[in-house]
$ cat final-v6.cif   # mmCIF, C-alpha atoms
data_coords
#
loop_
_atom_site.label_atom_id
_atom_site.label_comp_id
_atom_site.auth_asym_id
_atom_site.auth_seq_id
_atom_site.Cartn_x
_atom_site.Cartn_y
_atom_site.Cartn_z
CA CYS A 1 0.00 0.00 0.00
CA LEU A 2 2.26 2.78 -1.32
CA LEU A 3 1.50 6.40 -0.54
CA ALA A 4 0.63 8.75 -3.36
CA GLY A 5 3.77 10.32 -4.80
CA SER A 6 6.00 7.32 -4.03
CA VAL A 7 8.60 6.30 -6.58
CA PHE A 8 9.07 2.56 -6.93
CA GLY A 9 10.55 -0.20 -9.07
CA THR A 10 13.53 -0.01 -11.45
CA ASN A 11 14.51 3.04 -13.46
CA LEU A 12 12.70 3.37 -16.77
CA VAL A 13 15.57 3.43 -19.30
CA ILE A 14 14.77 4.26 -22.93
CA THR A 15 17.55 5.09 -25.39
CA ASN A 16 17.68 6.97 -28.71
CA SER A 17 20.81 7.21 -30.91
CA ASP A 18 19.78 10.61 -32.25
CA VAL A 19 20.90 13.81 -30.58
CA GLY A 20 19.62 17.32 -30.15
CA VAL A 21 16.03 18.00 -31.16
CA ASN A 22 15.75 14.50 -32.62
CA SER A 23 16.47 12.84 -29.26
CA LEU A 24 13.80 11.66 -26.87
CA GLN A 25 11.62 14.58 -25.84
CA HIS A 26 8.39 13.34 -24.29
CA TYR A 27 6.99 10.37 -22.41
CA TYR A 28 3.34 9.41 -22.06
CA LEU A 29 1.55 6.89 -19.86
CA ASN A 30 -1.84 5.40 -20.64
CA PRO A 31 -4.46 6.88 -18.27
CA ASP A 32 -4.51 5.12 -14.90
CA PRO A 33 -5.92 6.54 -11.67
CA HIS A 34 -3.10 5.04 -9.58
CA PHE A 35 0.05 6.03 -11.52
CA SER A 36 1.57 9.00 -13.25
CA LEU A 37 4.87 10.01 -14.87
CA ILE A 38 7.34 12.63 -13.73
CA GLN A 39 9.80 13.72 -16.45
CA LYS A 40 13.25 14.61 -15.16
CA GLU A 41 16.43 15.84 -16.78
CA ASN A 42 19.99 14.55 -16.52
CA PRO A 43 22.97 16.95 -16.24
CA ASP A 44 23.68 16.43 -19.96
CA GLY A 45 20.18 17.62 -20.83
CA SER A 46 18.69 14.24 -21.68
CA ARG A 47 15.32 13.43 -20.21
CA TYR A 48 14.08 10.38 -18.35
CA PRO A 49 10.76 9.40 -16.76
CA GLU A 50 9.94 8.28 -13.23
CA LEU A 51 6.83 6.27 -12.56
CA VAL A 52 5.13 7.37 -9.34
CA VAL A 53 2.06 6.35 -7.36
CA GLN A 54 -0.59 9.05 -7.31
CA ALA A 55 -3.39 7.14 -5.50
CA PRO A 56 -3.30 4.48 -2.74
CA LEU A 57 -2.97 0.88 -3.91
CA ASP A 58 -5.07 -1.95 -2.49
CA ARG A 59 -4.01 -5.50 -3.38
CA GLU A 60 -7.36 -6.87 -2.23
CA GLU A 61 -9.12 -4.71 -4.85
CA GLN A 62 -6.57 -5.07 -7.67
CA SER A 63 -3.40 -7.11 -7.36
CA CYS A 64 -1.87 -6.27 -10.75
CA HIS A 65 -1.82 -3.16 -12.96
CA HIS A 66 -0.94 -3.12 -16.69
CA LEU A 67 0.47 0.14 -18.07
CA VAL A 68 1.73 1.27 -21.48
CA LEU A 69 4.61 3.77 -21.69
CA THR A 70 5.16 5.70 -24.92
CA ALA A 71 8.39 7.58 -25.74
CA VAL A 72 8.40 10.24 -28.51
CA ASP A 73 11.40 11.98 -30.02
CA GLY A 74 11.52 15.52 -31.38
CA GLY A 75 12.13 14.72 -35.03
CA GLU A 76 10.00 15.66 -37.99
CA PRO A 77 8.12 13.45 -38.44
CA ALA A 78 8.27 12.30 -34.83
CA ARG A 79 9.11 8.71 -34.09
CA SER A 80 7.84 6.79 -31.08
CA CYS A 81 8.02 3.45 -29.33
CA THR A 82 5.95 1.79 -26.61
CA THR A 83 6.66 -0.68 -23.85
CA LYS A 84 4.40 -2.52 -21.48
CA ILE A 85 4.80 -2.22 -17.72
CA ARG A 86 3.32 -4.77 -15.33
CA VAL A 87 3.04 -3.61 -11.72
CA VAL A 88 2.41 -6.36 -9.15
CA VAL A 89 1.11 -5.05 -5.81
CA ALA A 90 2.71 -6.84 -2.88
CA ASP A 91 0.54 -7.67 0.11
CA ALA A 92 0.68 -5.60 3.29
CA ASN A 93 -0.90 -6.81 6.50
CA ASP A 94 -3.71 -4.25 6.38
CA ASN A 95 -6.69 -6.55 6.99
CA PRO A 96 -7.70 -8.12 10.30
CA PRO A 97 -9.12 -11.64 10.54
CA VAL A 98 -12.93 -11.88 10.67
CA PHE A 99 -14.91 -14.68 12.32
CA THR A 100 -17.83 -16.16 10.41
CA GLN A 101 -19.95 -15.59 13.55
CA ASP A 102 -19.70 -13.33 16.58
CA MET A 103 -21.34 -16.00 18.75
CA TYR A 104 -21.14 -19.75 18.19
CA ARG A 105 -23.84 -21.79 19.98
CA VAL A 106 -23.98 -25.53 20.46
CA SER A 107 -25.75 -28.04 22.71
CA VAL A 108 -23.98 -31.28 23.64
CA GLN A 109 -24.84 -34.28 25.77
CA GLU A 110 -23.09 -34.67 29.09
CA ASN A 111 -20.68 -37.60 29.53
CA LEU A 112 -19.27 -37.22 25.99
CA PRO A 113 -16.15 -39.36 25.41
CA LEU A 114 -12.84 -37.52 25.70
CA GLY A 115 -11.71 -36.04 22.39
CA SER A 116 -15.24 -35.66 21.02
CA SER A 117 -15.70 -32.77 18.58
CA VAL A 118 -17.91 -29.99 19.94
CA LEU A 119 -17.73 -27.33 17.19
CA ARG A 120 -15.30 -25.52 14.92
CA VAL A 121 -14.71 -21.78 14.75
CA MET A 122 -13.48 -20.18 11.54
CA ALA A 123 -11.97 -16.81 10.71
CA THR A 124 -10.85 -15.51 7.30
CA ASP A 125 -8.30 -12.86 6.29
CA LEU A 126 -8.25 -10.97 2.99
CA ASP A 127 -4.46 -10.75 3.06
CA GLU A 128 -2.26 -13.49 1.61
CA GLY A 129 0.75 -15.58 2.61
CA ILE A 130 1.94 -15.32 6.19
CA ASN A 131 -0.30 -12.28 6.70
CA ALA A 132 -3.35 -14.53 6.24
CA GLU A 133 -2.14 -17.39 8.46
CA ILE A 134 -4.51 -17.51 11.45
CA THR A 135 -3.98 -19.10 14.85
CA TYR A 136 -6.70 -19.60 17.47
CA ALA A 137 -6.45 -19.39 21.26
CA PHE A 138 -8.67 -19.20 24.36
CA ILE A 139 -8.89 -15.86 26.17
CA ASN A 140 -10.01 -15.05 29.70
CA ILE A 141 -10.92 -18.57 30.84
CA GLY A 142 -9.99 -20.43 34.00
CA LYS A 143 -7.83 -23.50 34.42
CA ALA A 144 -10.82 -25.77 35.06
CA VAL A 145 -12.45 -24.86 31.73
CA ARG A 146 -9.13 -25.32 29.90
CA GLN A 147 -9.06 -28.87 31.20
CA LEU A 148 -12.60 -29.56 29.96
CA PHE A 149 -12.11 -28.17 26.44
CA LYS A 150 -9.20 -28.23 23.99
CA LEU A 151 -8.85 -25.82 21.03
CA ASP A 152 -6.72 -26.68 18.00
CA SER A 153 -4.68 -23.54 17.30
CA LYS A 154 -4.51 -24.24 13.55
CA THR A 155 -7.95 -25.62 12.65
CA GLY A 156 -10.12 -23.93 15.30
CA GLU A 157 -11.74 -27.25 16.26
CA LEU A 158 -13.00 -27.48 19.84
CA THR A 159 -12.95 -30.93 21.48
CA THR A 160 -13.63 -32.30 24.95
CA GLY A 161 -10.65 -32.71 27.25
CA GLY A 162 -12.56 -33.76 30.34
CA GLY A 163 -15.90 -35.14 31.47
CA LEU A 164 -18.92 -32.84 31.10
CA ASP A 165 -21.45 -33.10 33.92
CA PHE A 166 -24.77 -31.27 33.69
CA GLU A 167 -25.31 -31.59 37.42
CA GLU A 168 -22.02 -29.82 38.03
CA ARG A 169 -22.47 -27.05 35.43
CA GLY A 170 -25.11 -26.59 32.78
CA SER A 171 -23.41 -24.14 30.38
CA TYR A 172 -20.09 -22.51 29.48
CA THR A 173 -19.27 -19.21 27.77
CA ILE A 174 -15.76 -19.17 26.32
CA GLY A 175 -13.82 -16.42 24.53
CA VAL A 176 -11.68 -17.23 21.48
CA GLU A 177 -9.11 -15.02 19.74
CA ALA A 178 -7.97 -15.30 16.12
CA LYS A 179 -4.60 -13.75 15.28
CA ASP A 180 -3.05 -13.33 11.83
CA GLY A 181 0.65 -13.38 10.95
CA GLY A 182 1.07 -9.79 12.12
CA ARG A 183 -0.58 -7.67 14.77
CA HIS A 184 -4.27 -8.01 13.88
CA THR A 185 -6.73 -9.98 16.03
CA ALA A 186 -10.46 -10.78 16.17
CA HIS A 187 -12.63 -12.21 18.93
CA CYS A 188 -15.75 -14.33 19.26
CA LYS A 189 -17.74 -16.13 21.98
CA LEU A 190 -18.68 -19.79 22.33
CA GLN A 191 -21.91 -20.66 24.13
CA ILE A 192 -21.91 -24.35 25.07
CA ASP A 193 -25.05 -25.76 26.70
CA ILE A 194 -24.83 -29.17 28.38
CA LEU A 195 -27.86 -31.44 27.90
CA ASP A 196 -28.96 -33.57 30.83
CA GLU A 197 -28.91 -37.36 30.70
CA ASN A 198 -30.67 -39.63 33.18
CA ASP A 199 -27.44 -40.58 34.91
CA SER A 200 -28.36 -39.86 38.54
CA ALA A 201 -30.43 -42.15 40.76
CA PRO A 202 -33.05 -40.61 43.08
CA LYS A 203 -32.31 -40.43 46.78
CA ILE A 204 -34.78 -41.02 49.62
CA THR A 205 -34.49 -39.36 53.02
CA LEU A 206 -36.68 -39.98 56.08
CA ASP A 207 -37.09 -36.49 57.41
CA SER A 208 -38.94 -37.64 60.56
CA GLU A 209 -40.48 -40.91 61.68
CA SER A 210 -42.29 -42.43 64.62
CA GLN A 211 -40.71 -45.45 66.30
CA TYR A 212 -44.04 -46.62 67.66
CA ILE A 213 -47.59 -46.39 66.34
CA GLN A 214 -50.64 -46.81 68.56
CA GLU A 215 -52.85 -49.67 67.46
CA ASP A 216 -55.84 -47.40 67.60
CA ALA A 217 -54.19 -44.74 65.42
CA GLU A 218 -56.68 -43.01 63.19
CA LEU A 219 -56.64 -43.63 59.46
CA GLY A 220 -54.57 -40.95 57.76
CA ALA A 221 -52.27 -40.44 60.73
CA VAL A 222 -48.76 -39.40 59.65
CA VAL A 223 -46.19 -42.07 60.34
CA ALA A 224 -43.14 -40.57 58.60
CA LEU A 225 -42.13 -37.63 56.40
CA ILE A 226 -40.25 -38.76 53.33
CA LYS A 227 -38.15 -36.54 51.08
CA THR A 228 -36.92 -37.48 47.60
CA HIS A 229 -34.32 -35.78 45.41
CA ASP A 230 -32.87 -36.39 41.94
CA LEU A 231 -29.94 -34.38 40.52
CA ASP A 232 -31.26 -34.77 36.98
CA SER A 233 -33.58 -32.13 35.51
CA GLY A 234 -36.91 -32.07 33.72
CA PHE A 235 -38.54 -35.41 33.07
CA ASN A 236 -35.36 -37.18 34.23
CA GLY A 237 -35.75 -35.56 37.64
CA GLU A 238 -39.42 -36.47 38.19
CA ILE A 239 -39.84 -39.11 40.93
CA LEU A 240 -42.62 -41.68 41.47
CA CYS A 241 -42.75 -43.26 44.96
CA GLN A 242 -44.26 -46.69 45.59
CA LEU A 243 -44.54 -49.06 48.56
CA LYS A 244 -43.63 -52.62 47.67
CA GLY A 245 -45.35 -55.35 49.63
CA ASN A 246 -48.65 -55.74 51.52
CA PHE A 247 -48.60 -53.19 54.33
CA PRO A 248 -51.35 -51.24 56.11
CA PHE A 249 -49.81 -47.95 54.91
#
$ encode --input "final-v6.cif" --output "structure tokens"
Amino acid sequence: CLLAGSVFGTNLVITNSDVGVNSLQHYYLNPDPHFSLIQKENPDGSRYPELVVQAPLDREEQSCHHLVLTAVDGGEPARSCTTKIRVVVADANDNPPVFTQDMYRVSVQENLPLGSSVLRVMATDLDEGINAEITYAFINIGKAVRQLFKLDSKTGELTTGGGLDFEERGSYTIGVEAKDGGRHTAHCKLQIDILDENDSAPKITLDSESQYIQEDAELGAVVALIKTHDLDSGFNGEILCQLKGNFPF
């Protein structure tokens, strides 16, 4: 991305065996919004052109420019020649990486096997070569989460590194950074929701009970208070209590 007015490339050398008024007098460049010619003079009076940039170049918009330079002498009739100039615009690291999404959302079952794929983040960069090489990394997450999830720095694939337990934690929000070959970075968020499986057995607790019951106790008298609890959620956490056997309760 050269600044307007910059001189670049090799010297434009055009020769003419004639001298005086018949020598090279003028140079012309086909119209191009990005380039122009500056005609300069050597100490011996001969003239030569310099090709300069007159408007900013953007490789992502146009990576190559084709110009035609014409040299005209001062003879009568005037003689001329043309040459083609091909200008290749080298890449500068002027574009940051961009994620395909600001927020990636996924729902996964708990108790996934270690190494299971969860999702893949992806960022692109309009630059080329090393300037477009992107690496991925976690940002602002604790050690415990780093042990549960692994992020491939090259592919952006997120896999499980530890056991996921809905009863322990139902969701995770993780920050990811994409960095190109230079100084540019981009950020996104991962929202991972853990789906419950029926992997917890219900528990029964006798909150209070009577050691003895009078034989003339009225029907409906409370004998014991029973509490039940299941760590699972939703339908998996609903509990049905039954008495097994033939009892007067």
$ atom_distance --input "final-v6.cif" --atom1 "atom CA of A:Val118" --atom2 "atom CA of A:Ile141"
17.3 Å
$ atom_distance --input "final-v6.cif" --atom1 "atom CA of A:Tyr27" --atom2 "atom CA of A:Ser63"
25.3 Å
$ residues_around --input "final-v6.cif" --residues "A:Leu158" --least-positions-apart "2" --cutoff "10 Å" --atoms "all atoms listed in the file" --output "compact mmCIF listing (two decimals) with C-alpha atoms, in the frame of the given file"
# COMPACT_ATOMS: atom_id res chain seq x y z
CA GLY A 115 -11.71 -36.04 22.39
CA SER A 116 -15.24 -35.66 21.02
CA SER A 117 -15.70 -32.77 18.58
CA VAL A 118 -17.91 -29.99 19.94
CA LEU A 119 -17.73 -27.33 17.19
CA ARG A 120 -15.30 -25.52 14.92
CA VAL A 121 -14.71 -21.78 14.75
CA PHE A 149 -12.11 -28.17 26.44
CA LYS A 150 -9.20 -28.23 23.99
CA LEU A 151 -8.85 -25.82 21.03
CA ASP A 152 -6.72 -26.68 18.00
CA SER A 153 -4.68 -23.54 17.30
CA THR A 155 -7.95 -25.62 12.65
CA GLY A 156 -10.12 -23.93 15.30
CA THR A 160 -13.63 -32.30 24.95
CA GLY A 161 -10.65 -32.71 27.25
CA LEU A 190 -18.68 -19.79 22.33
$ closest_residue --input "final-v6.cif" --among "A:Lys189, A:Lys227, A:Lys244, A:Lys143" --to "A:Arg105" --atoms "all atoms listed in the file"
A:Lys189
$ residues_near_point --input "final-v6.cif" --point "(-24.9, -26.3, 32.6)" --cutoff "6 Å" --atoms "only C-alpha atoms" --output "list of chain:residue names"
A:Phe166, A:Arg169, A:Gly170, A:Ser171, A:Asp193, A:Ile194
$ resolve_selection --input "final-v6.cif" --expression "the PyMOL selection byres ((chain A and resi 70) around 12)" --output "PyMOL selection string"
chain A and resi 12+14+24-31+37+49+67-69+71-73+79-85
$ resolve_selection --input "final-v6.cif" --expression "the PyMOL selection byres ((chain A and resi 87-90) around 6)" --output "PyMOL selection string"
chain A and resi 59+63-65+86+91
$ resolve_selection --input "final-v6.cif" --expression "the PyMOL selection byres ((chain A and resi 96) around 8)" --output "JSON, numbers by chain"
{"A": [93, 94, 95, 97, 98, 125, 126, 180, 184, 185, 186]}
$ write_last_selection --input "final-v6.cif" --atoms "C-alpha atoms" --output "compact mmCIF listing (two decimals), in the frame of the given file"
# COMPACT_ATOMS: atom_id res chain seq x y z
CA ASN A 93 -0.90 -6.81 6.50
CA ASP A 94 -3.71 -4.25 6.38
CA ASN A 95 -6.69 -6.55 6.99
CA PRO A 97 -9.12 -11.64 10.54
CA VAL A 98 -12.93 -11.88 10.67
CA ASP A 125 -8.30 -12.86 6.29
CA LEU A 126 -8.25 -10.97 2.99
CA ASP A 180 -3.05 -13.33 11.83
CA HIS A 184 -4.27 -8.01 13.88
CA THR A 185 -6.73 -9.98 16.03
CA ALA A 186 -10.46 -10.78 16.17
$ atom_distance --input "final-v6.cif" --atom1 "atom CA of A:Gly75" --atom2 "atom CA of A:Tyr48"
17.3 Å
$ residues_near_point --input "final-v6.cif" --point "(-12.7, -19.5, 10.4)" --cutoff "7 Å" --atoms "only C-alpha atoms" --output "list in words"
Phe99, Thr100, Val121, Met122, Ala123 and Thr124 of chain A
$ closest_residue --input "final-v6.cif" --among "A:Ala221, A:Met103, A:Leu206, A:Leu243" --to "A:His187" --atoms "only C-alpha atoms"
A:Met103
$ closest_residue --input "final-v6.cif" --among "A:Ile134, A:Glu50, A:Ala224, A:Cys241" --to "A:Gln211" --atoms "only C-alpha atoms"
A:Ala224
$ closest_residue --input "final-v6.cif" --among "A:Gln214, A:Phe249, A:Gly182, A:Lys203" --to "A:Leu231" --atoms "all atoms listed in the file"
A:Lys203
$ axis_aligned_box --input "final-v6.cif" --around "stretch 209-223 of chain A" --padding-each-side "5 Å" --output "lines of an AutoDock Vina configuration file"
center_x = -48.6
center_y = -44.5
center_z = 63.2
size_x = 26.2
size_y = 20.3
size_z = 20.8
$ closest_residue --input "final-v6.cif" --among "A:Leu164, A:Glu60, A:Ile139, A:Ile226" --to "A:Asp127" --atoms "all atoms listed in the file"
A:Glu60
$ closest_residue --input "final-v6.cif" --among "A:Val106, A:Ala92, A:Leu112, A:Ala78" --to "A:Glu128" --atoms "all atoms listed in the file"
A:Ala92
$ build_atoms --input "final-v6.cif" --residues "stretch 208-219 of chain A" --atoms "all heavy atoms" --output "PDB file, in the frame of the given file"
ATOM      1  N   SER A 208     -38.538 -37.350  59.164  1.00  0.00           N
ATOM      2  CA  SER A 208     -38.940 -37.640  60.560  1.00  0.00           C
ATOM      3  C   SER A 208     -39.802 -38.901  60.544  1.00  0.00           C
ATOM      4  O   SER A 208     -40.497 -39.175  59.569  1.00  0.00           O
ATOM      5  CB  SER A 208     -39.714 -36.468  61.173  1.00  0.00           C
ATOM      6  OG  SER A 208     -40.937 -36.278  60.497  1.00  0.00           O
ATOM      7  N   GLU A 209     -39.710 -39.665  61.620  1.00  0.00           N
ATOM      8  CA  GLU A 209     -40.480 -40.910  61.680  1.00  0.00           C
ATOM      9  C   GLU A 209     -40.835 -41.221  63.132  1.00  0.00           C
ATOM     10  O   GLU A 209     -40.169 -40.769  64.062  1.00  0.00           O
ATOM     11  CB  GLU A 209     -39.686 -42.057  61.067  1.00  0.00           C
ATOM     12  CG  GLU A 209     -38.361 -42.319  61.757  1.00  0.00           C
ATOM     13  CD  GLU A 209     -37.600 -43.475  61.139  1.00  0.00           C
ATOM     14  OE1 GLU A 209     -38.268 -44.475  60.846  1.00  0.00           O
ATOM     15  OE2 GLU A 209     -36.367 -43.372  60.983  1.00  0.00           O
ATOM     16  N   SER A 210     -41.874 -42.001  63.266  1.00  0.00           N
ATOM     17  CA  SER A 210     -42.290 -42.430  64.620  1.00  0.00           C
ATOM     18  C   SER A 210     -41.823 -43.863  64.849  1.00  0.00           C
ATOM     19  O   SER A 210     -42.026 -44.742  63.995  1.00  0.00           O
ATOM     20  CB  SER A 210     -43.825 -42.373  64.753  1.00  0.00           C
ATOM     21  OG  SER A 210     -44.281 -41.061  64.516  1.00  0.00           O
ATOM     22  N   GLN A 211     -41.180 -44.088  66.004  1.00  0.00           N
ATOM     23  CA  GLN A 211     -40.710 -45.450  66.300  1.00  0.00           C
ATOM     24  C   GLN A 211     -41.872 -46.376  66.645  1.00  0.00           C
ATOM     25  O   GLN A 211     -41.809 -47.578  66.384  1.00  0.00           O
ATOM     26  CB  GLN A 211     -39.705 -45.405  67.450  1.00  0.00           C
ATOM     27  CG  GLN A 211     -38.386 -44.718  67.066  1.00  0.00           C
ATOM     28  CD  GLN A 211     -37.368 -44.790  68.191  1.00  0.00           C
ATOM     29  OE1 GLN A 211     -37.727 -45.080  69.351  1.00  0.00           O
ATOM     30  NE2 GLN A 211     -36.102 -44.534  67.863  1.00  0.00           N
ATOM     31  N   TYR A 212     -42.891 -45.806  67.251  1.00  0.00           N
ATOM     32  CA  TYR A 212     -44.040 -46.620  67.660  1.00  0.00           C
ATOM     33  C   TYR A 212     -45.329 -46.000  67.139  1.00  0.00           C
ATOM     34  O   TYR A 212     -45.454 -44.776  67.045  1.00  0.00           O
ATOM     35  CB  TYR A 212     -44.121 -46.740  69.179  1.00  0.00           C
ATOM     36  CG  TYR A 212     -42.856 -47.327  69.794  1.00  0.00           C
ATOM     37  CD1 TYR A 212     -41.896 -46.487  70.360  1.00  0.00           C
ATOM     38  CD2 TYR A 212     -42.656 -48.707  69.793  1.00  0.00           C
ATOM     39  CE1 TYR A 212     -40.739 -47.016  70.908  1.00  0.00           C
ATOM     40  CE2 TYR A 212     -41.496 -49.238  70.342  1.00  0.00           C
ATOM     41  CZ  TYR A 212     -40.544 -48.387  70.890  1.00  0.00           C
ATOM     42  OH  TYR A 212     -39.399 -48.923  71.429  1.00  0.00           O
ATOM     43  N   ILE A 213     -46.287 -46.839  66.829  1.00  0.00           N
ATOM     44  CA  ILE A 213     -47.590 -46.390  66.340  1.00  0.00           C
ATOM     45  C   ILE A 213     -48.655 -47.050  67.196  1.00  0.00           C
ATOM     46  O   ILE A 213     -48.651 -48.278  67.391  1.00  0.00           O
ATOM     47  CB  ILE A 213     -47.790 -46.768  64.864  1.00  0.00           C
ATOM     48  CG1 ILE A 213     -46.652 -46.203  64.007  1.00  0.00           C
ATOM     49  CG2 ILE A 213     -49.138 -46.263  64.364  1.00  0.00           C
ATOM     50  CD1 ILE A 213     -46.689 -46.683  62.583  1.00  0.00           C
ATOM     51  N   GLN A 214     -49.550 -46.251  67.747  1.00  0.00           N
ATOM     52  CA  GLN A 214     -50.640 -46.810  68.560  1.00  0.00           C
ATOM     53  C   GLN A 214     -51.559 -47.657  67.678  1.00  0.00           C
ATOM     54  O   GLN A 214     -51.852 -47.314  66.535  1.00  0.00           O
ATOM     55  CB  GLN A 214     -51.449 -45.671  69.200  1.00  0.00           C
ATOM     56  CG  GLN A 214     -50.649 -44.819  70.186  1.00  0.00           C
ATOM     57  CD  GLN A 214     -50.234 -45.611  71.418  1.00  0.00           C
ATOM     58  OE1 GLN A 214     -50.929 -46.570  71.827  1.00  0.00           O
ATOM     59  NE2 GLN A 214     -49.107 -45.244  72.017  1.00  0.00           N
ATOM     60  N   GLU A 215     -51.991 -48.777  68.249  1.00  0.00           N
ATOM     61  CA  GLU A 215     -52.850 -49.670  67.460  1.00  0.00           C
ATOM     62  C   GLU A 215     -54.192 -49.037  67.122  1.00  0.00           C
ATOM     63  O   GLU A 215     -54.846 -49.438  66.162  1.00  0.00           O
ATOM     64  CB  GLU A 215     -53.056 -50.981  68.213  1.00  0.00           C
ATOM     65  CG  GLU A 215     -53.781 -50.841  69.538  1.00  0.00           C
ATOM     66  CD  GLU A 215     -54.022 -52.184  70.192  1.00  0.00           C
ATOM     67  OE1 GLU A 215     -53.996 -53.198  69.454  1.00  0.00           O
ATOM     68  OE2 GLU A 215     -54.228 -52.227  71.410  1.00  0.00           O
ATOM     69  N   ASP A 216     -54.572 -48.060  67.904  1.00  0.00           N
ATOM     70  CA  ASP A 216     -55.840 -47.400  67.600  1.00  0.00           C
ATOM     71  C   ASP A 216     -55.636 -46.084  66.865  1.00  0.00           C
ATOM     72  O   ASP A 216     -56.476 -45.186  66.910  1.00  0.00           O
ATOM     73  CB  ASP A 216     -56.619 -47.164  68.906  1.00  0.00           C
ATOM     74  CG  ASP A 216     -55.851 -46.291  69.906  1.00  0.00           C
ATOM     75  OD1 ASP A 216     -54.634 -46.048  69.653  1.00  0.00           O
ATOM     76  OD2 ASP A 216     -56.437 -45.859  70.907  1.00  0.00           O
ATOM     77  N   ALA A 217     -54.467 -45.962  66.190  1.00  0.00           N
ATOM     78  CA  ALA A 217     -54.190 -44.740  65.420  1.00  0.00           C
ATOM     79  C   ALA A 217     -55.250 -44.553  64.348  1.00  0.00           C
ATOM     80  O   ALA A 217     -55.706 -45.511  63.715  1.00  0.00           O
ATOM     81  CB  ALA A 217     -52.805 -44.813  64.776  1.00  0.00           C
ATOM     82  N   GLU A 218     -55.649 -43.301  64.175  1.00  0.00           N
ATOM     83  CA  GLU A 218     -56.680 -43.010  63.190  1.00  0.00           C
ATOM     84  C   GLU A 218     -56.136 -43.176  61.772  1.00  0.00           C
ATOM     85  O   GLU A 218     -54.933 -42.965  61.513  1.00  0.00           O
ATOM     86  CB  GLU A 218     -57.181 -41.576  63.378  1.00  0.00           C
ATOM     87  CG  GLU A 218     -57.877 -41.342  64.721  1.00  0.00           C
ATOM     88  CD  GLU A 218     -58.389 -39.922  64.838  1.00  0.00           C
ATOM     89  OE1 GLU A 218     -58.201 -39.158  63.844  1.00  0.00           O
ATOM     90  OE2 GLU A 218     -58.966 -39.578  65.866  1.00  0.00           O
ATOM     91  N   LEU A 219     -57.032 -43.539  60.864  1.00  0.00           N
ATOM     92  CA  LEU A 219     -56.640 -43.630  59.460  1.00  0.00           C
ATOM     93  C   LEU A 219     -56.185 -42.255  58.970  1.00  0.00           C
ATOM     94  O   LEU A 219     -56.835 -41.245  59.234  1.00  0.00           O
ATOM     95  CB  LEU A 219     -57.788 -44.145  58.609  1.00  0.00           C
ATOM     96  CG  LEU A 219     -58.294 -45.559  58.909  1.00  0.00           C
ATOM     97  CD1 LEU A 219     -59.427 -45.927  57.955  1.00  0.00           C
ATOM     98  CD2 LEU A 219     -57.171 -46.574  58.805  1.00  0.00           C
TER      99      LEU A 219
END
